[in-house]
file data_34.cif (mmCIF, C-alpha atoms)
data_target
loop_
_atom_site.group_PDB
_atom_site.id
_atom_site.type_symbol
_atom_site.label_atom_id
_atom_site.label_comp_id
_atom_site.auth_asym_id
_atom_site.auth_seq_id
_atom_site.Cartn_x
_atom_site.Cartn_y
_atom_site.Cartn_z
ATOM 1 C CA MET A 1 0.000 0.000 0.000
ATOM 2 C CA GLY A 2 2.919 2.335 0.674
ATOM 3 C CA ARG A 3 4.304 1.964 -2.846
ATOM 4 C CA LEU A 4 0.854 2.363 -4.385
ATOM 5 C CA ALA A 5 0.271 5.546 -2.429
ATOM 6 C CA PHE A 6 3.669 6.861 -3.534
ATOM 7 C CA TRP A 7 3.025 6.258 -7.249
ATOM 8 C CA ASN A 8 -0.479 7.683 -7.029
ATOM 9 C CA GLY A 9 0.925 10.732 -5.287
ATOM 10 C CA LEU A 10 3.553 11.155 -7.982
ATOM 11 C CA LEU A 11 0.929 10.814 -10.673
ATOM 12 C CA VAL A 12 -1.171 13.473 -8.952
ATOM 13 C CA LEU A 13 1.780 15.865 -8.906
ATOM 14 C CA ALA A 14 2.612 15.363 -12.567
ATOM 15 C CA LEU A 15 -0.927 15.396 -13.914
ATOM 16 C CA VAL A 16 -2.289 18.304 -11.935
ATOM 17 C CA PHE A 17 0.291 20.577 -13.588
ATOM 18 C CA SER A 18 -0.062 19.026 -17.026
ATOM 19 C CA SER A 19 -3.860 19.200 -16.930
ATOM 20 C CA ARG A 20 -3.776 22.902 -16.075
ATOM 21 C CA ALA A 21 -1.358 23.580 -18.907
ATOM 22 C CA LEU A 22 -3.420 21.608 -21.403
ATOM 23 C CA ALA A 23 -6.608 23.309 -20.301
ATOM 24 C CA GLU A 24 -5.068 26.664 -21.135
ATOM 25 C CA SER A 25 -3.583 25.640 -24.491
ATOM 26 C CA CYS A 26 -6.289 23.254 -25.751
ATOM 27 C CA ALA A 27 -9.569 24.668 -24.506
ATOM 28 C CA SER A 28 -12.511 23.468 -26.579
ATOM 29 C CA PRO A 29 -16.314 23.631 -26.542
ATOM 30 C CA LEU A 30 -18.189 21.080 -24.500
ATOM 31 C CA LEU A 31 -18.933 17.941 -26.505
ATOM 32 C CA ALA A 32 -22.685 17.703 -26.386
ATOM 33 C CA ALA A 33 -24.381 14.458 -25.437
ATOM 34 C CA ASN A 34 -27.314 13.024 -27.325
ATOM 35 C CA ASP A 35 -30.309 14.304 -25.343
ATOM 36 C CA ASN A 36 -32.853 11.976 -26.941
ATOM 37 C CA LEU A 37 -32.899 9.106 -24.452
ATOM 38 C CA SER A 38 -35.092 6.933 -26.655
ATOM 39 C CA VAL A 39 -32.801 7.033 -29.696
ATOM 40 C CA SER A 40 -29.601 5.460 -28.387
ATOM 41 C CA SER A 41 -29.567 1.670 -28.504
ATOM 42 C CA ALA A 42 -25.960 1.353 -27.324
ATOM 43 C CA THR A 43 -23.858 3.288 -24.849
ATOM 44 C CA VAL A 44 -20.126 4.018 -24.866
ATOM 45 C CA ILE A 45 -18.585 5.503 -21.725
ATOM 46 C CA GLY A 46 -15.044 6.895 -21.751
ATOM 47 C CA PHE A 47 -12.979 7.958 -18.735
ATOM 48 C CA VAL A 48 -10.076 10.392 -19.070
ATOM 49 C CA GLY A 49 -7.040 10.044 -16.825
ATOM 50 C CA GLY A 50 -5.497 12.288 -14.186
ATOM 51 C CA PHE A 51 -7.239 15.627 -13.759
ATOM 52 C CA VAL A 52 -8.108 15.974 -17.424
ATOM 53 C CA LYS A 53 -11.438 17.594 -18.287
ATOM 54 C CA HIS A 54 -13.990 15.535 -20.167
ATOM 55 C CA ASP A 55 -14.007 17.984 -23.092
ATOM 56 C CA ASN A 56 -10.238 18.506 -23.511
ATOM 57 C CA GLN A 57 -9.658 17.477 -27.103
ATOM 58 C CA ALA A 58 -5.896 17.200 -26.680
ATOM 59 C CA HIS A 59 -6.582 13.767 -25.173
ATOM 60 C CA SER A 60 -7.235 10.606 -27.140
ATOM 61 C CA VAL A 61 -10.130 9.465 -24.946
ATOM 62 C CA VAL A 62 -12.023 12.637 -25.874
ATOM 63 C CA GLN A 63 -11.007 12.522 -29.535
ATOM 64 C CA LEU A 64 -12.206 8.940 -29.851
ATOM 65 C CA GLY A 65 -15.528 9.823 -28.266
ATOM 66 C CA GLU A 66 -16.074 12.529 -30.865
ATOM 67 C CA ARG A 67 -15.204 10.179 -33.732
ATOM 68 C CA LEU A 68 -17.670 7.588 -32.456
ATOM 69 C CA ARG A 69 -20.425 10.182 -32.206
ATOM 70 C CA ASN A 70 -19.825 11.153 -35.811
ATOM 71 C CA ALA A 71 -19.666 7.525 -36.953
ATOM 72 C CA PHE A 72 -22.904 6.454 -35.221
ATOM 73 C CA PRO A 73 -25.182 9.508 -35.227
ATOM 74 C CA GLY A 74 -28.357 8.781 -33.298
ATOM 75 C CA GLY A 75 -27.629 5.079 -32.847
ATOM 76 C CA VAL A 76 -25.048 5.245 -30.074
ATOM 77 C CA HIS A 77 -24.894 7.392 -26.983
ATOM 78 C CA VAL A 78 -21.270 8.384 -26.306
ATOM 79 C CA GLN A 79 -20.311 10.213 -23.137
ATOM 80 C CA ILE A 80 -16.911 11.113 -21.711
ATOM 81 C CA PHE A 81 -16.418 11.591 -17.979
ATOM 82 C CA GLU A 82 -13.657 12.706 -15.652
ATOM 83 C CA ASN A 83 -12.409 9.693 -13.736
ATOM 84 C CA HIS A 84 -13.792 11.036 -10.453
ATOM 85 C CA ARG A 85 -17.328 11.111 -11.909
ATOM 86 C CA ARG A 86 -18.009 7.383 -12.008
ATOM 87 C CA SER A 87 -21.304 7.819 -10.145
ATOM 88 C CA ALA A 88 -22.515 10.251 -12.799
ATOM 89 C CA ALA A 89 -21.602 7.734 -15.516
ATOM 90 C CA TYR A 90 -23.491 5.022 -13.639
ATOM 91 C CA GLU A 91 -26.600 7.196 -13.296
ATOM 92 C CA ASP A 92 -26.381 8.097 -16.991
ATOM 93 C CA ILE A 93 -26.477 4.404 -17.891
ATOM 94 C CA LEU A 94 -29.400 3.673 -15.569
ATOM 95 C CA GLN A 95 -31.386 6.573 -16.965
ATOM 96 C CA ARG A 96 -30.926 5.403 -20.537
ATOM 97 C CA LEU A 97 -31.872 1.823 -19.768
ATOM 98 C CA ASP A 98 -35.037 2.938 -17.977
ATOM 99 C CA SER A 99 -37.151 2.964 -21.143
ATOM 100 C CA ASN A 100 -40.506 3.416 -19.360
ATOM 101 C CA HIS A 101 -39.075 6.092 -17.036
ATOM 102 C CA ASP A 102 -40.502 4.537 -13.879
ATOM 103 C CA GLY A 103 -37.263 4.944 -11.915
ATOM 104 C CA ALA A 104 -36.554 1.214 -11.666
ATOM 105 C CA LEU A 105 -34.966 -1.228 -14.095
ATOM 106 C CA SER A 106 -36.841 -4.395 -14.955
ATOM 107 C CA ALA A 107 -35.093 -7.601 -15.995
ATOM 108 C CA ASP A 108 -36.084 -6.916 -19.604
ATOM 109 C CA GLU A 109 -34.656 -3.398 -19.491
ATOM 110 C CA LYS A 110 -31.371 -4.722 -18.130
ATOM 111 C CA LYS A 111 -31.194 -7.261 -20.942
ATOM 112 C CA THR A 112 -31.284 -4.448 -23.510
ATOM 113 C CA ALA A 113 -27.967 -3.048 -22.242
ATOM 114 C CA ARG A 114 -25.289 -2.690 -24.919
ATOM 115 C CA ILE A 115 -22.476 -1.013 -22.988
ATOM 116 C CA ILE A 116 -18.804 -0.453 -23.771
ATOM 117 C CA ILE A 117 -16.472 1.258 -21.283
ATOM 118 C CA TYR A 118 -12.925 2.458 -21.942
ATOM 119 C CA GLY A 119 -10.392 4.628 -20.160
ATOM 120 C CA HIS A 120 -6.786 5.714 -19.817
ATOM 121 C CA SER A 121 -4.660 5.754 -16.636
ATOM 122 C CA TRP A 122 -6.946 6.352 -13.646
ATOM 123 C CA GLY A 123 -9.721 6.193 -16.213
ATOM 124 C CA GLY A 124 -8.747 2.569 -16.827
ATOM 125 C CA SER A 125 -9.190 1.838 -13.143
ATOM 126 C CA GLU A 126 -12.604 3.511 -13.191
ATOM 127 C CA THR A 127 -13.546 1.449 -16.249
ATOM 128 C CA VAL A 128 -13.292 -1.767 -14.244
ATOM 129 C CA THR A 129 -14.876 -0.236 -11.143
ATOM 130 C CA LEU A 130 -17.897 0.975 -13.127
ATOM 131 C CA ALA A 131 -18.272 -2.475 -14.701
ATOM 132 C CA ARG A 132 -18.258 -3.941 -11.188
ATOM 133 C CA MET A 133 -21.008 -1.518 -10.101
ATOM 134 C CA LEU A 134 -23.078 -2.617 -13.086
ATOM 135 C CA GLU A 135 -22.495 -6.242 -12.158
ATOM 136 C CA ARG A 136 -24.003 -5.646 -8.716
ATOM 137 C CA ALA A 137 -27.031 -4.130 -10.463
ATOM 138 C CA GLY A 138 -27.359 -7.139 -12.793
ATOM 139 C CA ILE A 139 -26.458 -5.157 -15.925
ATOM 140 C CA PRO A 140 -24.261 -6.770 -18.613
ATOM 141 C CA VAL A 141 -21.330 -5.045 -20.327
ATOM 142 C CA LEU A 142 -20.184 -5.840 -23.860
ATOM 143 C CA MET A 143 -16.567 -4.792 -23.449
ATOM 144 C CA THR A 144 -14.074 -2.979 -21.229
ATOM 145 C CA ILE A 145 -10.858 -1.470 -22.590
ATOM 146 C CA GLN A 146 -8.012 -0.274 -20.364
ATOM 147 C CA VAL A 147 -5.149 1.823 -21.721
ATOM 148 C CA ASP A 148 -2.117 2.006 -19.412
ATOM 149 C CA SER A 149 -4.461 1.527 -16.490
ATOM 150 C CA VAL A 150 -3.264 2.863 -13.125
ATOM 151 C CA SER A 151 -5.170 1.520 -10.150
ATOM 152 C CA LYS A 152 -6.603 4.003 -7.683
ATOM 153 C CA ILE A 153 -6.226 3.336 -3.981
ATOM 154 C CA GLY A 154 -9.001 0.992 -2.907
ATOM 155 C CA GLN A 155 -9.718 -0.215 -6.452
ATOM 156 C CA ASN A 156 -8.720 -3.404 -8.258
ATOM 157 C CA ASP A 157 -8.275 -2.913 -11.995
ATOM 158 C CA SER A 158 -6.792 -6.362 -12.616
ATOM 159 C CA VAL A 159 -9.872 -8.593 -12.193
ATOM 160 C CA ILE A 160 -12.654 -8.170 -14.742
ATOM 161 C CA PRO A 161 -16.127 -8.877 -13.334
ATOM 162 C CA ALA A 162 -18.233 -11.689 -14.767
ATOM 163 C CA ASN A 163 -20.872 -9.401 -16.324
ATOM 164 C CA VAL A 164 -18.284 -8.272 -18.928
ATOM 165 C CA GLU A 165 -18.278 -10.308 -22.155
ATOM 166 C CA GLN A 166 -14.880 -9.194 -23.431
ATOM 167 C CA ALA A 167 -11.965 -7.212 -22.010
ATOM 168 C CA VAL A 168 -8.620 -6.022 -23.324
ATOM 169 C CA ASN A 169 -5.662 -4.324 -21.691
ATOM 170 C CA PHE A 170 -3.073 -2.088 -23.397
ATOM 171 C CA TYR A 171 0.009 -1.268 -21.337
ATOM 172 C CA GLN A 172 3.651 -0.175 -21.272
ATOM 173 C CA GLU A 173 6.236 -0.816 -18.561
ATOM 174 C CA GLN A 174 8.603 2.151 -18.795
ATOM 175 C CA GLY A 175 9.078 5.069 -16.462
ATOM 176 C CA LEU A 176 7.825 5.893 -13.009
ATOM 177 C CA VAL A 177 4.174 5.539 -13.996
ATOM 178 C CA HIS A 178 3.123 2.579 -16.112
ATOM 179 C CA GLY A 179 0.018 0.525 -16.649
ATOM 180 C CA ARG A 180 -1.464 -2.673 -15.351
ATOM 181 C CA VAL A 181 0.541 -5.518 -16.896
ATOM 182 C CA ARG A 182 -2.124 -8.213 -16.722
ATOM 183 C CA ILE A 183 -5.851 -8.440 -16.353
ATOM 184 C CA ARG A 184 -7.762 -11.656 -15.762
ATOM 185 C CA ALA A 185 -11.378 -12.737 -15.691
ATOM 186 C CA ALA A 186 -13.171 -13.347 -12.418
ATOM 187 C CA ASP A 187 -15.049 -16.043 -14.355
ATOM 188 C CA PRO A 188 -13.211 -17.215 -17.510
ATOM 189 C CA ALA A 189 -16.338 -19.060 -18.623
ATOM 190 C CA ARG A 190 -18.211 -15.750 -18.929
ATOM 191 C CA THR A 191 -15.498 -13.221 -19.797
ATOM 192 C CA GLN A 192 -13.076 -13.452 -22.704
ATOM 193 C CA ILE A 193 -9.771 -11.659 -22.174
ATOM 194 C CA LEU A 194 -8.800 -10.533 -25.669
ATOM 195 C CA GLY A 195 -5.251 -9.777 -24.636
ATOM 196 C CA ASN A 196 -2.747 -7.937 -22.494
ATOM 197 C CA LEU A 197 -1.046 -5.961 -25.243
ATOM 198 C CA ARG A 198 2.375 -4.530 -24.460
ATOM 199 C CA PHE A 199 3.832 -1.449 -26.163
ATOM 200 C CA ASP A 200 7.455 -0.295 -25.954
ATOM 201 C CA TYR A 201 8.455 3.355 -26.421
ATOM 202 C CA SER A 202 12.163 2.982 -25.640
ATOM 203 C CA GLU A 203 13.109 3.338 -29.311
ATOM 204 C CA SER A 204 10.197 5.376 -30.596
ATOM 205 C CA ALA A 205 9.200 8.995 -30.284
ATOM 206 C CA ILE A 206 5.472 9.730 -30.111
ATOM 207 C CA HIS A 207 4.965 13.472 -30.113
ATOM 208 C CA CYS A 208 2.070 14.647 -27.954
ATOM 209 C CA GLN A 209 1.043 18.094 -29.128
ATOM 210 C CA GLY A 210 0.671 20.649 -26.360
ATOM 211 C CA TYR A 211 1.865 18.521 -23.453
ATOM 212 C CA PRO A 212 4.157 20.303 -20.943
ATOM 213 C CA TRP A 213 7.582 19.302 -19.731
ATOM 214 C CA PHE A 214 6.119 17.610 -16.624
ATOM 215 C CA ASN A 215 4.825 14.819 -18.812
ATOM 216 C CA ARG A 216 7.977 14.559 -20.905
ATOM 217 C CA LEU A 217 10.143 14.298 -17.795
ATOM 218 C CA LEU A 218 8.096 12.418 -15.201
ATOM 219 C CA ILE A 219 5.642 10.255 -17.150
ATOM 220 C CA LYS A 220 7.043 10.237 -20.677
ATOM 221 C CA ALA A 221 6.072 6.725 -21.783
ATOM 222 C CA HIS A 222 2.713 6.928 -20.000
ATOM 223 C CA THR A 223 1.988 10.109 -21.953
ATOM 224 C CA GLN A 224 3.246 8.639 -25.224
ATOM 225 C CA MET A 225 0.807 5.779 -24.911
ATOM 226 C CA GLU A 226 -1.984 8.268 -24.375
ATOM 227 C CA CYS A 227 -1.093 9.910 -27.685
ATOM 228 C CA ASP A 228 -0.067 6.859 -29.711
ATOM 229 C CA PRO A 229 -2.339 6.625 -32.781
ATOM 230 C CA GLU A 230 -1.552 2.914 -33.163
ATOM 231 C CA VAL A 231 -3.019 2.231 -29.722
ATOM 232 C CA TRP A 232 -6.135 4.288 -30.249
ATOM 233 C CA ASN A 233 -6.747 2.988 -33.763
ATOM 234 C CA GLN A 234 -6.876 -0.492 -32.238
ATOM 235 C CA VAL A 235 -9.170 0.695 -29.452
ATOM 236 C CA GLU A 236 -11.497 2.327 -31.970
ATOM 237 C CA ALA A 237 -11.558 -0.748 -34.209
ATOM 238 C CA MET A 238 -12.492 -2.950 -31.246
ATOM 239 C CA ILE A 239 -15.303 -0.635 -30.179
ATOM 240 C CA ARG A 240 -16.668 -0.338 -33.706
ATOM 241 C CA GLY A 241 -16.463 -4.101 -34.079
ATOM 242 C CA ARG A 242 -18.722 -4.594 -31.068
ATOM 243 C CA LEU A 243 -21.090 -1.716 -31.813
ATOM 244 C CA SER A 244 -22.138 -2.781 -35.306
ATOM 245 C CA PRO A 245 -23.408 -6.247 -34.274
ATOM 246 C CA ALA A 246 -25.051 -4.748 -31.188
ATOM 247 C CA LEU A 247 -26.968 -2.250 -33.298
ATOM 248 C CA ARG A 248 -28.036 -4.927 -35.787
ATOM 249 C CA GLU A 249 -29.211 -7.139 -32.924
ATOM 250 C CA THR A 250 -31.245 -4.306 -31.438
ATOM 251 C CA ALA A 251 -32.796 -3.416 -34.789
ATOM 252 C CA ALA A 252 -33.865 -7.031 -35.334
ATOM 253 C CA LYS A 253 -35.926 -7.134 -32.125
#
call {"tool": "encode", "arguments": {"input": "data_34.cif", "output": "C-alpha cells"}}
result
Amino acid sequence: MGRLAFWNGLLVLALVFSSRALAESCASPLLAANDNLSVSSATVIGFVGGFVKHDNQAHSVVQLGERLRNAFPGGVHVQIFENHRRSAAYEDILQRLDSNHDGALSADEKKTARIIIYGHSWGGSETVTLARMLERAGIPVLMTIQVDSVSKIGQNDSVIPANVEQAVNFYQEQGLVHGRVRIRAADPARTQILGNLRFDYSESAIHCQGYPWFNRLLIKAHTQMECDPEVWNQVEAMIRGRLSPALRETAAK
C-alpha cells in the first residue's frame, strides 16, 4: 500500500500541472451528449485520466468519443467523464436503460444493455470499477478497454467482473508511472480476455502536441501511450467491431 500511495501521489503531482497547462492551451467547446434518451440503442462511456477535463480534445479518450459520435449519429450514446465522476456515468447508464421512465430497471430493461467502457490511466481503473457496479445491479457489459491503467487506492483494476463479455488491456512498462501488466477474468467461462497488449516506447518517439515538460520528464512513456495513434486505432476498431453487431441485434428485435 505504501508503494501504491507513492506512485499515485507522484501521478497526482505530474498530472495536476499538465492538466492545467493543457486546459489553457487546448480549450474546446463542451462535446454535447445526445439528449434523446429513446434514440440510443448502445452506450459508450469513456474515462479520461489524471485531472483531465472531459471535453479537452488534446486527449485521445475525448477525440475517440467525438469520432464515435460522428460515426454512429443517433444510434449510439457516447459520453466522456472525468475519472472522479463514475457515479454520474453510472446514473447516466441507468437513466438510458429505464425505457418506461418509472425509476426502476426491470429484468427486460437490463437485458437491452449494450455497454462499452474504456479509459486511460486512472480512467482505466474507473472502467473496471464501473463495470463492477453494473455487475451488482445485474447489468451486462459488452466490453471494457483499459489503456495504461493505473489503479486508484481501494480499487482493483486487474480482475474483470463476470458481467463483462470481453476485455482487453493495453500497457507499457517504462518510467515511473506505467500501466497494469495483466488483467484476468473473475469467471473465464463468462469473460473473454482478448489480450494484455504490451507497447514499448524505448526506441520510438510519439509526439504529444501541447503537453508540458512535466509529462515529458516524469511520465514520458505513459503520456506517449496516451497519444499513440496505433493504440487508439486499435481501441477504436475494437469498439466499432462490437457496436455494429449490437446495433443490428437491437434493430432485429
call {"tool": "closest_residue", "arguments": {"input": "data_34.cif", "among": "A:Arg132, A:His178, A:Lys111, A:Arg240", "to": "Val159 in chain A", "atoms": "all atoms listed in the file"}}
result
A:Arg132
call {"tool": "resolve_selection", "arguments": {"input": "data_34.cif", "expression": "the PyMOL selection byres ((chain A and resi 208) around 9)", "output": "list in words"}}
result
Ala58, Ile206, His207, Gln209, Gly210, Tyr211, Thr223, Gln224, Glu226, Cys227 and Asp228 of chain A
call {"tool": "write_last_selection", "arguments": {"input": "data_34.cif", "atoms": "C-alpha atoms", "output": "short mmCIF file (atom, residue, chain, number, x, y, z; two decimals), in the coordinates of the input"}}
result
data_model
loop_
_atom_site.label_atom_id
_atom_site.label_comp_id
_atom_site.auth_asym_id
_atom_site.auth_seq_id
_atom_site.Cartn_x
_atom_site.Cartn_y
_atom_site.Cartn_z
CA ALA A 58 -5.90 17.20 -26.68
CA ILE A 206 5.47 9.73 -30.11
CA HIS A 207 4.96 13.47 -30.11
CA GLN A 209 1.04 18.09 -29.13
CA GLY A 210 0.67 20.65 -26.36
CA TYR A 211 1.86 18.52 -23.45
CA THR A 223 1.99 10.11 -21.95
CA GLN A 224 3.25 8.64 -25.22
CA GLU A 226 -1.98 8.27 -24.38
CA CYS A 227 -1.09 9.91 -27.68
CA ASP A 228 -0.07 6.86 -29.71
#
call {"tool": "closest_residue", "arguments": {"input": "data_34.cif", "among": "A:Val128, A:Leu218, A:Val44, A:Val52", "to": "Gly175 in chain A", "atoms": "only C-alpha atoms"}}
result
A:Leu218
call {"tool": "residues_around", "arguments": {"input": "data_34.cif", "residues": "Ile160 in chain A", "least_positions_apart": "3", "cutoff": "10 Å", "atoms": "all atoms listed in the file", "output": "MDAnalysis selection string"}}
result
chainID A and resid 127:129 131:132 144 156:157 163:168 183:188 191:193
call {"tool": "resolve_selection", "arguments": {"input": "data_34.cif", "expression": "the PyMOL selection byres ((chain A and resi 64) around 12)", "output": "ChimeraX atom specification"}}
result
/A:31,44-48,54-63,65-71,78-80,118-120,226-227,229,231-240
call {"tool": "resolve_selection", "arguments": {"input": "data_34.cif", "expression": "the PyMOL selection byres ((chain A and resi 134) around 10)", "output": "list of chain:residue names"}}
result
A:Tyr90, A:Ile93, A:Leu94, A:Lys110, A:Val128, A:Thr129, A:Leu130, A:Ala131, A:Arg132, A:Met133, A:Glu135, A:Arg136, A:Ala137, A:Gly138, A:Ile139, A:Pro140, A:Val141, A:Pro161, A:Asn163, A:Val164
call {"tool": "closest_residue", "arguments": {"input": "data_34.cif", "among": "A:Ser204, A:Ser106, A:Asn83, A:Thr43", "to": "Ser149 in chain A", "atoms": "all atoms listed in the file"}}
result
A:Asn83
call {"tool": "atom_distance", "arguments": {"input": "data_34.cif", "atom1": "CA of Ala104 in chain A", "atom2": "CA of His77 in chain A"}}
result
20.2 Å
call {"tool": "atom_distance", "arguments": {"input": "data_34.cif", "atom1": "CA of Trp122 in chain A", "atom2": "CA of Phe72 in chain A"}}
result
26.8 Å
call {"tool": "atom_distance", "arguments": {"input": "data_34.cif", "atom1": "CA of Val150 in chain A", "atom2": "CA of Gly124 in chain A"}}
result
6.6 Å
call {"tool": "closest_residue", "arguments": {"input": "data_34.cif", "among": "A:Ile219, A:Ala113, A:Ala89, A:Val76", "to": "Leu142 in chain A", "atoms": "all atoms listed in the file"}}
result
A:Ala113
call {"tool": "closest_residue", "arguments": {"input": "data_34.cif", "among": "A:Gln146, A:Ser99, A:Ser158, A:Ser151", "to": "Phe170 in chain A", "atoms": "only C-alpha atoms"}}
result
A:Gln146
call {"tool": "closest_residue", "arguments": {"input": "data_34.cif", "among": "A:Ala205, A:Gly50, A:Asp102, A:Asp200", "to": "Lys152 in chain A", "atoms": "all atoms listed in the file"}}
result
A:Gly50
call {"tool": "axis_aligned_box", "arguments": {"input": "data_34.cif", "around": "range 227-236 of chain A", "padding_each_side": "6 Å", "output": "JSON"}}
result
{"center_x": -5.8, "center_y": 4.7, "center_z": -30.7, "size_x": 23.4, "size_y": 22.4, "size_z": 18.1}
call {"tool": "residues_around", "arguments": {"input": "data_34.cif", "residues": "Ala221 in chain A", "least_positions_apart": "4", "cutoff": "7 Å", "atoms": "only C-alpha atoms", "output": "list in words"}}
result
Gln174, Gly175, Tyr201 and Met225 of chain A
